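With TSV, C-alpha atoms inside, this is coords-v2.tsv:
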chain	number	residue	atom	x	y	z
A	1	MET	CA	19.27	-47.18	-22.12
A	2	THR	CA	21.57	-49.81	-20.59
A	3	GLU	CA	24.96	-49.08	-19.06
A	4	ASP	CA	27.85	-49.52	-21.44
A	5	PRO	CA	29.95	-52.54	-20.38
A	6	THR	CA	33.06	-51.04	-22.05
A	7	GLY	CA	33.16	-48.23	-19.48
A	8	ASP	CA	32.66	-45.53	-22.11
A	9	PRO	CA	32.92	-42.26	-20.15
A	10	ILE	CA	30.11	-40.70	-22.19
A	11	ARG	CA	27.74	-43.24	-20.65
A	12	ARG	CA	28.63	-41.94	-17.21
A	13	ILE	CA	27.59	-38.38	-18.04
A	14	PRO	CA	24.04	-37.75	-16.76
A	15	LYS	CA	21.51	-37.43	-19.56
A	16	LEU	CA	20.41	-34.04	-18.26
A	17	VAL	CA	23.94	-32.69	-18.69
A	18	LEU	CA	24.06	-33.87	-22.31
A	19	VAL	CA	20.64	-32.35	-22.97
A	20	LEU	CA	21.54	-28.99	-21.45
A	21	ILE	CA	25.18	-28.51	-22.38
A	22	VAL	CA	24.69	-27.05	-25.89
A	23	PRO	CA	21.90	-24.61	-24.92
A	24	VAL	CA	23.87	-23.52	-21.85
A	25	VAL	CA	27.04	-22.95	-23.89
A	26	ALA	CA	25.01	-21.01	-26.47
A	27	VAL	CA	23.34	-18.82	-23.84
A	28	ILE	CA	26.69	-18.07	-22.18
A	29	ALA	CA	28.30	-17.23	-25.53
A	30	ILE	CA	25.45	-14.94	-26.55
A	31	GLY	CA	25.38	-13.31	-23.12
A	32	LEU	CA	29.12	-12.64	-23.15
A	33	THR	CA	28.85	-11.28	-26.69
A	34	GLN	CA	26.12	-8.84	-25.65
A	35	VAL	CA	28.31	-7.62	-22.78
A	36	LEU	CA	31.67	-7.54	-24.56
A	37	ALA	CA	30.87	-6.75	-28.20
A	38	PRO	CA	31.57	-3.17	-29.20
A	39	ASP	CA	28.60	-0.89	-29.39
A	40	ASP	CA	28.01	-0.37	-33.10
A	41	THR	CA	26.41	3.01	-32.69
A	42	SER	CA	28.53	4.69	-30.04
A	43	SER	CA	31.15	5.96	-32.45
A	44	SER	CA	28.88	6.74	-35.36
A	45	ALA	CA	27.37	10.02	-34.29
A	46	ALA	CA	28.54	12.99	-36.30
A	47	PRO	CA	28.61	16.52	-34.90
A	48	ALA	CA	25.23	18.22	-35.17
A	49	GLY	CA	24.84	19.98	-38.49
A	50	ALA	CA	27.97	18.45	-39.99
A	51	ALA	CA	27.69	16.58	-43.25
A	52	ALA	CA	28.06	12.90	-42.52
A	53	ILE	CA	27.56	9.49	-44.06
A	54	SER	CA	27.19	6.51	-41.80
A	55	ILE	CA	27.72	2.93	-42.94
A	56	LYS	CA	25.87	0.33	-40.95
A	57	ASP	CA	24.53	-3.11	-41.87
A	58	PHE	CA	26.08	-2.67	-45.34
A	59	THR	CA	23.90	0.38	-45.97
A	60	PHE	CA	24.73	4.06	-46.47
A	61	THR	CA	22.77	6.49	-44.32
A	62	PRO	CA	21.38	8.80	-45.52
A	63	PRO	CA	20.95	7.21	-48.94
A	64	THR	CA	21.05	10.69	-50.46
A	65	LEU	CA	23.04	13.50	-48.87
A	66	THR	CA	22.86	17.11	-50.03
A	67	VAL	CA	25.84	19.36	-49.34
A	68	ALA	CA	27.42	22.60	-50.50
A	69	PRO	CA	30.29	22.47	-53.03
A	70	GLY	CA	33.62	21.61	-51.45
A	71	SER	CA	32.07	20.53	-48.14
A	72	THR	CA	33.93	18.14	-45.93
A	73	ILE	CA	31.90	15.01	-45.24
A	74	THR	CA	32.66	12.69	-42.38
A	75	VAL	CA	32.23	9.02	-43.14
A	76	THR	CA	31.85	6.55	-40.27
A	77	ASN	CA	31.99	2.81	-40.78
A	78	ALA	CA	29.89	1.31	-37.98
A	79	ASP	CA	30.19	-2.21	-39.43
A	80	GLN	CA	33.01	-4.57	-38.55
A	81	THR	CA	33.77	-5.16	-42.21
A	82	PRO	CA	35.87	-2.66	-44.21
A	83	HIS	CA	33.94	-0.37	-46.54
A	84	THR	CA	34.64	2.59	-48.78
A	85	VAL	CA	32.72	5.58	-50.07
A	86	THR	CA	33.88	5.83	-53.66
A	87	ALA	CA	32.33	8.05	-56.32
A	88	THR	CA	31.54	6.12	-59.48
A	89	ASP	CA	33.37	8.87	-61.40
A	90	LYS	CA	36.22	8.63	-58.81
A	91	SER	CA	35.83	12.31	-57.85
A	92	PHE	CA	36.01	11.32	-54.17
A	93	ASP	CA	37.09	8.20	-52.33
A	94	THR	CA	37.66	7.43	-48.66
A	95	GLY	CA	39.85	4.45	-49.40
A	96	ASP	CA	39.37	1.37	-47.21
A	97	LEU	CA	37.76	2.23	-43.87
A	98	ASP	CA	38.20	-0.58	-41.38
A	99	GLY	CA	35.38	-1.53	-39.05
A	100	GLY	CA	34.67	1.30	-36.63
A	101	ALA	CA	36.95	3.71	-38.51
A	102	LYS	CA	36.17	7.23	-39.67
A	103	GLY	CA	37.29	9.04	-42.78
A	104	THR	CA	36.52	12.19	-44.69
A	105	ILE	CA	35.78	13.09	-48.26
A	106	THR	CA	35.54	16.46	-49.90
A	107	ALA	CA	32.48	17.11	-52.01
A	108	PRO	CA	33.15	18.15	-55.62
A	109	THR	CA	33.17	21.88	-56.27
A	110	GLU	CA	30.81	21.57	-59.22
A	111	ALA	CA	27.10	21.30	-58.51
A	112	GLY	CA	25.55	18.04	-59.57
A	113	THR	CA	24.51	14.57	-58.53
A	114	TYR	CA	27.24	12.11	-57.76
A	115	ASP	CA	26.55	8.43	-57.27
A	116	TYR	CA	28.88	6.51	-55.03
A	117	ILE	CA	29.40	2.90	-54.02
A	118	CYS	CA	31.41	0.81	-51.63
A	119	ASP	CA	34.29	-0.35	-53.77
A	120	ILE	CA	34.47	-3.62	-51.81
A	121	HIS	CA	30.73	-4.36	-51.85
A	122	GLN	CA	29.69	-2.70	-55.06
A	123	TYR	CA	25.98	-3.28	-54.65
A	124	MET	CA	26.05	-0.72	-51.83
A	125	GLN	CA	24.99	2.55	-53.41
A	126	GLY	CA	24.42	6.12	-52.28
A	127	THR	CA	24.02	9.54	-53.82
A	128	LEU	CA	25.70	12.84	-53.05
A	129	LYS	CA	23.92	15.96	-54.28
A	130	VAL	CA	26.06	19.08	-54.51
A	131	GLN	CA	24.06	22.29	-54.58
A	132	GLY	CA	25.55	25.77	-54.73
B	1	MET	CA	33.70	-46.56	-29.87
B	2	ILE	CA	35.36	-43.76	-27.90
B	3	ALA	CA	37.24	-42.59	-31.02
B	4	ARG	CA	33.96	-42.43	-32.95
B	5	ARG	CA	32.34	-40.45	-30.17
B	6	THR	CA	35.30	-38.05	-30.27
B	7	LEU	CA	34.55	-37.46	-33.95
B	8	LEU	CA	30.97	-36.51	-33.02
B	9	ILE	CA	32.18	-34.17	-30.28
B	10	VAL	CA	34.66	-32.44	-32.60
B	11	GLY	CA	31.97	-32.20	-35.27
B	12	ALA	CA	29.45	-30.74	-32.83
B	13	ALA	CA	32.00	-28.18	-31.64
B	14	GLY	CA	32.83	-27.21	-35.22
B	15	VAL	CA	29.19	-26.79	-36.17
B	16	LEU	CA	28.43	-24.81	-33.01
B	17	VAL	CA	31.37	-22.45	-33.53
B	18	SER	CA	30.31	-21.90	-37.16
B	19	ALA	CA	26.76	-21.16	-35.99
B	20	TYR	CA	28.04	-18.73	-33.36
B	21	ILE	CA	30.19	-16.85	-35.91
B	22	HIS	CA	27.17	-16.46	-38.19
B	23	TYR	CA	25.07	-15.26	-35.25
B	24	TYR	CA	27.82	-12.79	-34.33
B	25	LEU	CA	28.18	-11.46	-37.88
B	26	TYR	CA	24.41	-11.14	-38.20
B	27	PHE	CA	23.88	-9.12	-35.02
B	28	HIS	CA	27.24	-7.40	-34.60
B	29	GLY	CA	28.94	-7.51	-38.00
B	30	GLY	CA	26.33	-5.75	-40.11
B	31	TYR	CA	25.22	-8.83	-42.02
B	32	ARG	CA	21.55	-8.36	-41.16
B	33	GLY	CA	21.37	-5.56	-43.71
B	34	ILE	CA	22.48	-7.45	-46.82
B	35	SER	CA	19.75	-8.21	-49.28
B	36	VAL	CA	21.02	-7.97	-52.83
B	37	ASP	CA	19.33	-10.91	-54.53
B	38	ARG	CA	16.67	-13.08	-52.99
B	39	VAL	CA	16.05	-16.68	-54.05
B	40	LEU	CA	13.04	-18.49	-52.58
B	41	GLY	CA	12.85	-15.83	-49.89
B	42	LEU	CA	16.49	-16.34	-48.95
B	43	ASP	CA	19.03	-13.51	-49.10
B	44	ILE	CA	22.44	-13.17	-47.46
B	45	SER	CA	21.04	-11.80	-44.21
B	46	ARG	CA	18.42	-14.49	-43.86
B	47	SER	CA	20.91	-17.21	-44.82
B	48	PHE	CA	23.18	-16.04	-41.98
B	49	ALA	CA	20.28	-16.18	-39.52
B	50	LEU	CA	19.21	-19.59	-40.85
B	51	GLN	CA	22.78	-20.88	-40.62
B	52	ALA	CA	23.08	-19.75	-36.98
B	53	VAL	CA	19.78	-21.30	-35.88
B	54	SER	CA	20.13	-24.57	-37.81
B	55	GLY	CA	23.78	-24.94	-36.71
B	56	PHE	CA	22.71	-24.66	-33.08
B	57	PHE	CA	20.13	-27.43	-33.46
B	58	ILE	CA	22.48	-29.68	-35.44
B	59	ALA	CA	25.22	-29.29	-32.81
B	60	TRP	CA	22.64	-30.04	-30.12
B	61	ALA	CA	21.48	-33.16	-31.96
B	62	LEU	CA	25.08	-34.31	-32.39
B	63	VAL	CA	25.73	-34.01	-28.66
B	64	LEU	CA	22.49	-35.84	-27.86
B	65	SER	CA	23.46	-38.60	-30.28
B	66	LEU	CA	26.43	-39.37	-28.02
B	67	ARG	CA	23.89	-41.00	-25.73
B	68	TRP	CA	21.07	-41.84	-28.15
B	69	ASP	CA	23.06	-43.83	-30.70
B	70	ARG	CA	20.39	-44.18	-33.36
B	71	TRP	CA	20.58	-40.42	-34.01
B	72	ALA	CA	24.31	-40.48	-34.57
B	73	MET	CA	24.50	-41.46	-38.24
B	74	PRO	CA	21.70	-39.21	-39.55
B	75	THR	CA	22.87	-36.20	-37.55
B	76	ALA	CA	26.46	-36.80	-38.65
B	77	VAL	CA	25.29	-36.83	-42.28
B	78	VAL	CA	23.31	-33.62	-41.76
B	79	GLY	CA	26.24	-32.03	-39.94
B	80	THR	CA	28.64	-32.94	-42.74
B	81	LEU	CA	26.32	-31.47	-45.37
B	82	PHE	CA	25.73	-28.38	-43.24
B	83	ALA	CA	29.44	-27.65	-42.77
B	84	ALA	CA	30.28	-28.48	-46.38
B	85	GLY	CA	27.44	-26.22	-47.54
B	86	ALA	CA	28.74	-23.36	-45.41
B	87	LEU	CA	32.23	-23.79	-46.90
B	88	ILE	CA	30.86	-23.84	-50.44
B	89	ALA	CA	28.80	-20.72	-49.72
B	90	TYR	CA	31.92	-18.96	-48.41
B	91	VAL	CA	33.93	-19.90	-51.50
B	92	LEU	CA	31.12	-18.66	-53.76
B	93	ALA	CA	30.89	-15.36	-51.83
B	94	ARG	CA	34.61	-14.85	-52.37
B	95	THR	CA	34.61	-15.77	-56.04
B	96	SER	CA	31.58	-15.68	-58.31
B	97	GLY	CA	29.25	-14.22	-55.70
B	98	LEU	CA	26.41	-15.66	-53.65
B	99	LEU	CA	22.91	-14.20	-53.83
B	100	GLY	CA	24.47	-11.13	-55.44
B	101	PHE	CA	26.96	-10.68	-52.60
B	102	THR	CA	30.73	-10.76	-52.98
B	103	ASP	CA	33.36	-10.01	-50.35
B	104	ASP	CA	37.06	-10.61	-50.92
B	105	GLN	CA	38.11	-9.40	-47.46
B	106	THR	CA	39.47	-11.98	-45.02
B	107	SER	CA	38.31	-11.30	-41.48
B	108	THR	CA	39.18	-13.07	-38.24
B	109	GLU	CA	35.59	-14.28	-38.04
B	110	ALA	CA	35.84	-15.81	-41.50
B	111	VAL	CA	39.06	-17.63	-40.62
B	112	ILE	CA	37.52	-19.08	-37.44
B	113	ALA	CA	34.34	-20.10	-39.28
B	114	VAL	CA	36.25	-21.81	-42.09
B	115	ALA	CA	38.53	-23.64	-39.65
B	116	SER	CA	35.58	-24.88	-37.61
B	117	GLU	CA	33.67	-25.96	-40.70
B	118	LEU	CA	36.72	-27.82	-42.06
B	119	ALA	CA	37.07	-29.58	-38.70
B	120	ALA	CA	33.36	-30.49	-38.77
B	121	VAL	CA	33.50	-31.82	-42.33
B	122	ALA	CA	36.63	-33.87	-41.57
B	123	SER	CA	35.39	-35.35	-38.30
B	124	LEU	CA	31.76	-35.94	-39.23
B	125	GLY	CA	32.68	-37.10	-42.72
B	126	THR	CA	35.10	-39.61	-41.21
B	127	TYR	CA	32.36	-40.74	-38.83
B	128	VAL	CA	29.90	-41.29	-41.67
B	129	VAL	CA	32.35	-43.04	-44.00
B	130	SER	CA	33.80	-45.29	-41.30
B	131	GLY	CA	30.27	-46.14	-40.17
B	132	LEU	CA	29.26	-47.09	-43.70
B	133	ILE	CA	32.39	-49.24	-44.12
B	134	THR	CA	31.75	-50.99	-40.80
B	135	ARG	CA	28.14	-51.59	-41.76
B	136	ARG	CA	29.11	-52.94	-45.19
B	137	ASN	CA	31.71	-55.28	-43.68
B	138	ALA	CA	29.19	-56.53	-41.12
B	139	THR	CA	26.66	-57.22	-43.87
B	140	ALA	CA	29.27	-59.08	-45.92
B	141	THR	CA	30.26	-61.17	-42.92
B	142	GLU	CA	26.62	-61.92	-42.22
B	143	LEU	CA	26.08	-63.07	-45.80
B	144	ARG	CA	29.12	-65.34	-45.66
B	145	THR	CA	27.94	-67.09	-42.48
Please, can you express the file's structure as structure tokens?
Amino acid sequence: MTEDPTGDPIRRIPKLVLVLIVPVVAVIAIGLTQVLAPDDTSSSAAPAGAAAISIKDFTFTPPTLTVAPGSTITVTNADQTPHTVTATDKSFDTGDLDGGAKGTITAPTEAGTYDYICDIHQYMQGTLKVQG
Amino acid sequence: MIARRTLLIVGAAGVLVSAYIHYYLYFHGGYRGISVDRVLGLDISRSFALQAVSGFFIAWALVLSLRWDRWAMPTAVVGTLFAAGALIAYVLARTSGLLGFTDDQTSTEAVIAVASELAAVASLGTYVVSGLITRRNATATELRT
């Protein structure tokens, strides 16, 4: 490669710098993200024995939850995207839960199987079983 | 020449930022768990991972083409298509759905990704078009002489 007679400043940058700059920037960005990004799981733990639904990676956990009638269920959104837990028959609904937010729902008082979805991402599905 | 190199630098930055946002959403935004429909082995999660990895290499190639000129035009074309494809995918995800996935929420990450992809399309597209015009004019001049 010959020197550029126009004095183009790019030509004065050492080739090694050009070769390394993108990988170095990427490594720094990923490293900083690992250090600074919020821990997805730190706020998702529910009290032992309490009924809880966790949302992470656009998935409800557990996929099927069994509770007693009228139980209070804690819902934790461990994603950064808003989600909801909304019964398909609208018998319970958390409303929009922002990333990292918690909400509660009250299980129906009638025994039965209740399917629920995220109203924003409706392919997300879970089941609540209410047993007396 | 310097103005054309600036277009490549802006394009590389736009592509790299877009790739980073997709990396971030995959590992920290929950997007590694989305597999509604799969076409040719590609679902939303995998497409985010693919976007992040390919964006990194395209940005790298764009920066290298600042010094190795013969790479500039092909990488600018690939970069333009990459950024335009990402924008189209975003629009589909917000409207008719993409691989079974729809999301009408506007996040900060989405705004940054769209802005960077628009910048990449504009700068790299300008680089490609101006290069083609220059080449066509040079050919016409050559034919006349």
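Nearest to Gln131 (chain A) of all the residues A:Gly100, A:Pro82, A:Gly31, A:Gly112 is A:Gly112, based on all atoms listed in the file.
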Q: Record the distance separating CA of Leu132 (chain B) and CA of Arg67 (chain B), expressed in Å with one decimal.
A: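 Rounded to one decimal, the two atoms are 19.7 Å apart.
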Q. Given the choices B:Leu81, B:His22, B:Met73, B:Phe101, which gets closest to chain A if the distance is worked out from only C-alpha atoms?
A.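 Smallest distance to chain A is found for B:Phe101.
Put simply, CA of Leu128 (chain A) is 27.5 Å away from CA of Asp43 (chain B).
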Q: Choose the residue, out of A:Lys102, A:His83, A:Arg12, A:Lys90, that has the smallest atom-to-atom separation from Ile120 (chain A); count all atoms listed in the file.
A: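 Looking only at the distances to Ile120 (chain A), the closest residue turns out to be A:His83.
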Starting from chain B, keep only residues with some atom at most 6 Å from an atom of chain A, counting only C-alpha atoms, and report them as an mmCIF file with C-alpha atoms, in the frame of the given file.
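Generated file (part.cif):
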data_model
loop_
_atom_site.group_PDB
_atom_site.id
_atom_site.type_symbol
_atom_site.label_atom_id
_atom_site.label_comp_id
_atom_site.auth_asym_id
_atom_site.auth_seq_id
_atom_site.Cartn_x
_atom_site.Cartn_y
_atom_site.Cartn_z
ATOM 1 C CA GLY B 29 28.940 -7.510 -38.000
ATOM 2 C CA GLY B 30 26.330 -5.750 -40.110
ATOM 3 C CA TYR B 31 25.220 -8.830 -42.020
ATOM 4 C CA GLY B 33 21.370 -5.560 -43.710
ATOM 5 C CA TRP B 60 22.640 -30.040 -30.120
#
Q. Please, what distance in Å, to one decimal, runs between CA of Leu8 (chain B) and CA of Arg136 (chain B)?
A.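 Interatomic distance, CA of Leu8 (chain B) to CA of Arg136 (chain B): 20.5 Å.
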Around region 88-102 of chain B, fit a box with edges along x, y and z, padding it by 5 Å on each side, then list its centre and edge lengths in Å to one decimal as JSON.
{"center_x": 28.8, "center_y": -17.3, "center_z": -53.4, "size_x": 21.7, "size_y": 23.2, "size_z": 19.9}
Q) For Phe57 (chain B), which residue among B:Ala83, B:Leu40, B:Ala72, B:Ala19 is the nearest when counting all atoms listed in the file? A)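 Between B:Ala83, B:Leu40, B:Ala72, B:Ala19, the residue approaching Phe57 (chain B) most closely is B:Ala19.
With only C-alpha atoms taken into account, the protein and nucleic acid residues at most 6 Å from region 84-86 of chain A (excluding it and anything under 6 positions from it in its own chain) are Phe92, Asp93, Thr94, Gly95, Asp96, Leu97, Tyr116, Ile117, Cys118 and Asp119 of chain A.
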Atoms kept (C-alpha atoms) for selection, written as a PDB file, in the frame of the given file:
ATOM      1  CA  PHE A  92      36.010  11.320 -54.170  1.00  0.00           C
ATOM      2  CA  ASP A  93      37.090   8.200 -52.330  1.00  0.00           C
ATOM      3  CA  THR A  94      37.660   7.430 -48.660  1.00  0.00           C
ATOM      4  CA  GLY A  95      39.850   4.450 -49.400  1.00  0.00           C
ATOM      5  CA  ASP A  96      39.370   1.370 -47.210  1.00  0.00           C
ATOM      6  CA  LEU A  97      37.760   2.230 -43.870  1.00  0.00           C
ATOM      7  CA  TYR A 116      28.880   6.510 -55.030  1.00  0.00           C
ATOM      8  CA  ILE A 117      29.400   2.900 -54.020  1.00  0.00           C
ATOM      9  CA  CYS A 118      31.410   0.810 -51.630  1.00  0.00           C
ATOM     10  CA  ASP A 119      34.290  -0.350 -53.770  1.00  0.00           C
TER      11      ASP A 119
END
Which residues are near Trp71 (chain B)? Cut-off 9 Å, all atoms listed in the file, ignore same chain within fewer than 5 positions. Put them as an mmCIF file with C-alpha atoms, in the frame of the given file.
data_model
loop_
_atom_site.group_PDB
_atom_site.id
_atom_site.type_symbol
_atom_site.label_atom_id
_atom_site.label_comp_id
_atom_site.auth_asym_id
_atom_site.auth_seq_id
_atom_site.Cartn_x
_atom_site.Cartn_y
_atom_site.Cartn_z
ATOM 1 C CA ALA B 61 21.480 -33.160 -31.960
ATOM 2 C CA LEU B 62 25.080 -34.310 -32.390
ATOM 3 C CA LEU B 64 22.490 -35.840 -27.860
ATOM 4 C CA SER B 65 23.460 -38.600 -30.280
ATOM 5 C CA LEU B 66 26.430 -39.370 -28.020
ATOM 6 C CA ALA B 76 26.460 -36.800 -38.650
#
Q. Any idea what's packed within 7 Å of region 117-128 of chain B, counting all atoms listed in the file, ignoring anything in its chain fewer than 5 positions away? Could you give it as an NGL selection string?
A. :B and (4 or 7-8 or 10-11 or 14-15 or 18 or 73 or 76-77 or 79-80 or 83-84 or 87)
Q: Name the closest residue to Ala49 (chain B) among the candidates B:Ala113, B:Asp69, B:Val36, B:Phe27; distances are taken between atoms, counting all atoms listed in the file.
A: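 Nearest candidate to Ala49 (chain B) out of B:Ala113, B:Asp69, B:Val36, B:Phe27: B:Phe27.
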Q) So which one's closest to Val53 (chain B), B:Ala138, B:Val17, B:Ala89, B:Leu99? Using all atoms listed in the file, please. A) B:Val17
Q. If I put a ball of radius 7 Å at (21.4, 18.9, -51.3) in the file's coordinates, which residues poke into it when counting only C-alpha atoms, written as a PyMOL selection string?
A. chain A and resi 65-67+129-131
